[in-house]
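Novice: Dropping the structure in here first, questions after.
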Amino acid sequence: MAISAGTSAGISAEDRRKLEKLCQKFRRKLIDVLHAKQTGHPGGSLSVCEILVSLYFHQANVDSGNPGDPNRDRIILSKGHAAPMLYLALAEKGFFPYGEIDTLRDFETRLQGHPSIKDTPGVELSTGPLGLGLSAGLGMALALRLDRSPARVYVVLGDGEINEGTVWEAAMAAAKFKADGLTAILDWNRVQLDGATDDVMPSGDLGAKFVAFGWNTIHCDGHDIGAICRACDEAAAAKGRPSIVLAHTVKGKGVSFMEGKSAWHGSPIKDADYEIARRELDEGVGA
Ligand SMILES: Cc1ncc(C[n+]2csc(CCOP(=O)(O)OP(=O)(O)O)c2C)c(N)n1
Ligand SMILES: [Mg+2]
């Protein structure tokens, strides 16, 4: 796909439109595969779609033709259960054939239920147990700085995930070490596995919390590709501290009956629901 990847100077209207189309394609394929497999995580995959597409197809320097480039940017999907959307992005980037997504969660597939650095080309960190990605990403950012690399590290977090104490240890350490090569992006959909995030564990004003921890904090609409790219540019320009993009999203985005519902965190998609979801995505309802 002819998109000016790896630039960090905003996104043109034409490129934005191409990426919006890519999101539509990914959402349809995601629903097809999760229905066919009767497994997976629709809600969190749909909510992170524009975030991953903005990173892989515009913001980050990631090239499947040169996967070992020491100066590549690193993208970590710390909320690893959204692996199906990650696999669609990696396939479209050319790390493996697009059709391989149809093997999702099959016995001996390279595309397991959660990302595996050992098995899946393009994956930078095995994730699934929540709370690990920010610490690992911080370590990568510090190592890259020692190597005088221009590469950035992007860590995509879930808002339920940040209940994990390790996230806040990493938040403290990232500020202490002035890790300005690190950008966290919070998929702030306000829903987690079995309820509203604020019912399970109230997190209050997350922007104020990260500011208090010494971070540069940027809010954006997490389904607006232009806004995500601008926020990431702003993050890259901030020196002497790490940045977090608080991306306001909707869990299940694009399928009306899934939107905002924890019931669709990890439920298999039955035939009748599949028909409705597919029709809505074809017609662009809710997207
Ligand atoms: C350490 C750990 N505890 C519990 C789980 C089970 N789990 C998987 S997803 C999830 C909820 C995550 O919610 P959130 O981070 O908000 O993700 P999203 O809404 O983006 O799907 C939980 C509790 C896990 N994977 N790891
Ligand atoms: Mg959530």
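Within each chain, counting starts at residue 1; across the structure tokens, chains are named A, B, ... in the order shown, with ligands numbered 1 upward in that order.
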Which residues form the shell of 7 Å around ligand 2 when you count only C-alpha atoms and all ligand atoms, given as a VMD selection string?

Specialist: chain A and resid 44 158 to 160 187 to 192 197 251

Novice: Using DSSP assignments from the backbone, pull out every residue in stretch 123-229 of chain A that falls under alpha helix (DSSP H) and give it to me as number ranges by chain.

Specialist: A: 133-146, 165-176, 197-200, 206-212, 225-229

Novice: Using only C-alpha atoms, which of A:Ala171, A:Ile11, A:Val250, A:Cys49 sits nearest A:Gln24?

Specialist: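 Of A:Ala171, A:Ile11, A:Val250, A:Cys49, the one nearest A:Gln24 is A:Cys49, counting only C-alpha atoms.
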
Novice: Any residue with an atom at most 9 Å from ligand 1 counts, using only C-alpha atoms and all ligand atoms. Which are they? Put them as a PyMOL selection string.

Specialist: chain A and resi 41-48+78-82+127-132+157-164+186-194+196-197+250-252+262+265-266

Novice: I want to know what sits within 9 Å of A:Leu52, based on only C-alpha atoms, with residues of the same chain fewer than 6 positions away left out; could you give that as a list in words?

Specialist: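 In the requested form, the answer reads Ile75, Leu77, Met85, Leu86, Ala89 and Val156 of chain A.
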
Novice: If you keep C-alpha atoms, can you produce a file of those selected residues as a PDB file, in the first residue's frame?

Specialist:
ATOM      1  CA  ILE A  75       5.385  -1.292  18.545  1.00  0.00           C
ATOM      2  CA  LEU A  77       0.606  -4.415  21.850  1.00  0.00           C
ATOM      3  CA  MET A  85      -6.237  -6.768  14.896  1.00  0.00           C
ATOM      4  CA  LEU A  86      -2.455  -6.791  15.311  1.00  0.00           C
ATOM      5  CA  ALA A  89      -1.885  -5.046  10.465  1.00  0.00           C
ATOM      6  CA  VAL A 156      -0.401   0.258  23.403  1.00  0.00           C
TER       7      VAL A 156
END

Novice: Need the shell around stretch 270-278 of chain A: protein/DNA/RNA residues with any atom at most 7 Å away, counting only C-alpha atoms. Skip same-chain ones fewer than 4 positions apart. Format as a PDB file with C-alpha atoms, in the first residue's frame?

Specialist:
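Output below, filename around.pdb:
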ATOM      1  CA  ARG A  28     -14.853  -6.823   8.204  1.00  0.00           C
ATOM      2  CA  HIS A  35     -17.138 -15.761  13.625  1.00  0.00           C
ATOM      3  CA  VAL A 255     -20.701  -2.813  15.408  1.00  0.00           C
ATOM      4  CA  ASP A 282     -20.692  -3.141   4.900  1.00  0.00           C
TER       5      ASP A 282
END

Novice: Kindly indicate which residue among A:Arg74, A:Arg279, A:Lys18, A:Arg105 lies nearest to A:Gln38, using only C-alpha atoms for the distances.

Specialist: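 Checking each candidate against A:Gln38, we get A:Arg105 as the closest.
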
Novice: Of the residues A:Pro268, A:Gly181, A:Pro97, A:Gly137, which is the one nearest to A:Glu124, using only C-alpha atoms?

Specialist: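 Selected residue with least distance to A:Glu124: A:Gly137.
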
Novice: Measuring between only C-alpha atoms, which one of A:Ser149, A:Ser256, A:Thr120, A:Ser243 shows the shortest distance to A:Trp215?

Specialist: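 Of all the options, A:Ser243 lies closest to A:Trp215.
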
Novice: Restricting the calculation to only C-alpha atoms, which member of A:Lys37, A:Arg152, A:Lys118, A:His223 is positioned closest to A:Gly254?

Specialist: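 Closest residue, counting only C-alpha atoms: A:His223.
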
Novice: Just checking: using only C-alpha atoms, which residue out of A:Tyr98, A:Met258, A:Ala247, A:Glu280 ends up closest to A:Arg230?

Specialist: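 Using only C-alpha atoms, the shortest distance to A:Arg230 belongs to A:Ala247.
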
Novice: Please report the interatomic distance between atom CA of A:Leu55 and atom CA of A:Arg16 in Å with one decimal.

Specialist: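 Those two atoms sit 12.3 Å apart.
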
Novice: If you count only C-alpha atoms, which residues fall within 9 Å of A:Leu206, apart from same-chain ones fewer than 4 positions away, as an MDAnalysis selection string?

Specialist: chainID A and resid 210:211 246

Novice: Grab the residues selected above and save them as a PDB file, in the first residue's frame with C-alpha atoms.

Specialist:
ATOM      1  CA  PHE A 210       0.172  10.721  34.406  1.00  0.00           C
ATOM      2  CA  VAL A 211       1.011  14.416  34.716  1.00  0.00           C
ATOM      3  CA  LEU A 246      -4.910   9.126  26.004  1.00  0.00           C
TER       4      LEU A 246
END

Novice: I want to know what sits within 9 Å of A:Ile101, based on only C-alpha atoms, with residues of the same chain fewer than 2 positions away left out; could you give that as a ChimeraX atom specification?

Specialist: /A:29-30,33,84,87-88,91,97-99,103-104,111

Novice: Running DSSP on the backbone, which parts of stretch 98-284 of chain A land in strand (DSSP E or B), as a ChimeraX atom specification?

Specialist: /A:153-158,182-188,191,196,216-221,243-248

Novice: May I have the residues from that selection written out with N, CA and C atoms, as a short mmCIF file (atom, residue, chain, number, x, y, z; two decimals), in the first residue's frame?

Specialist:
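As a result, part.cif now contains:
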data_model
loop_
_atom_site.label_atom_id
_atom_site.label_comp_id
_atom_site.auth_asym_id
_atom_site.auth_seq_id
_atom_site.Cartn_x
_atom_site.Cartn_y
_atom_site.Cartn_z
N VAL A 153 9.75 3.91 20.68
CA VAL A 153 9.00 2.74 21.16
C VAL A 153 7.57 3.19 21.47
N TYR A 154 6.62 2.45 20.89
CA TYR A 154 5.20 2.71 21.13
C TYR A 154 4.61 1.53 21.90
N VAL A 155 3.96 1.82 23.01
CA VAL A 155 3.34 0.76 23.82
C VAL A 155 1.84 1.04 23.90
N VAL A 156 1.05 0.09 23.40
CA VAL A 156 -0.40 0.26 23.40
C VAL A 156 -0.98 -0.48 24.62
N LEU A 157 -1.62 0.30 25.49
CA LEU A 157 -2.15 -0.22 26.75
C LEU A 157 -3.68 -0.22 26.74
N GLY A 158 -4.27 -1.10 27.54
CA GLY A 158 -5.72 -1.06 27.77
C GLY A 158 -6.01 -0.35 29.08
N LEU A 182 9.93 7.10 24.42
CA LEU A 182 8.81 6.20 24.72
C LEU A 182 7.48 6.94 24.58
N THR A 183 6.59 6.37 23.77
CA THR A 183 5.21 6.87 23.69
C THR A 183 4.27 5.74 24.09
N ALA A 184 3.52 5.94 25.15
CA ALA A 184 2.44 5.00 25.47
C ALA A 184 1.16 5.52 24.83
N ILE A 185 0.33 4.61 24.39
CA ILE A 185 -0.99 5.00 23.87
C ILE A 185 -2.03 4.20 24.64
N LEU A 186 -2.90 4.89 25.32
CA LEU A 186 -3.93 4.21 26.11
C LEU A 186 -5.21 4.08 25.29
N ASP A 187 -5.64 2.87 25.06
CA ASP A 187 -6.93 2.60 24.40
C ASP A 187 -8.00 2.76 25.49
N TRP A 188 -8.45 4.00 25.64
CA TRP A 188 -9.28 4.37 26.80
C TRP A 188 -10.76 4.19 26.44
N VAL A 191 -14.10 0.30 29.32
CA VAL A 191 -14.71 -1.01 29.58
C VAL A 191 -13.59 -2.03 29.63
N ALA A 196 -17.62 -2.05 33.46
CA ALA A 196 -17.03 -0.72 33.22
C ALA A 196 -15.75 -0.61 34.04
N ASN A 216 4.34 13.70 29.85
CA ASN A 216 3.65 14.57 28.91
C ASN A 216 2.36 13.85 28.50
N THR A 217 1.24 14.52 28.63
CA THR A 217 -0.06 13.85 28.47
C THR A 217 -0.85 14.52 27.35
N ILE A 218 -1.32 13.72 26.40
CA ILE A 218 -2.03 14.27 25.23
C ILE A 218 -3.34 13.49 25.06
N HIS A 219 -4.44 14.19 24.98
CA HIS A 219 -5.73 13.53 24.72
C HIS A 219 -6.03 13.55 23.22
N CYS A 220 -6.69 12.50 22.73
CA CYS A 220 -7.18 12.56 21.34
C CYS A 220 -8.34 11.59 21.15
N ASP A 221 -9.07 11.78 20.06
CA ASP A 221 -10.12 10.85 19.65
C ASP A 221 -9.41 9.63 19.05
N SER A 243 5.85 10.33 27.00
CA SER A 243 4.52 10.84 26.64
C SER A 243 3.50 9.72 26.65
N ILE A 244 2.28 10.09 27.01
CA ILE A 244 1.17 9.15 26.84
C ILE A 244 0.05 9.84 26.06
N VAL A 245 -0.42 9.13 25.03
CA VAL A 245 -1.57 9.58 24.27
C VAL A 245 -2.79 8.90 24.86
N LEU A 246 -3.68 9.68 25.44
CA LEU A 246 -4.91 9.13 26.00
C LEU A 246 -5.94 9.13 24.89
N ALA A 247 -6.08 7.98 24.25
CA ALA A 247 -6.92 7.87 23.06
C ALA A 247 -8.33 7.45 23.50
N HIS A 248 -9.26 8.36 23.35
CA HIS A 248 -10.65 8.09 23.76
C HIS A 248 -11.30 7.22 22.69
#
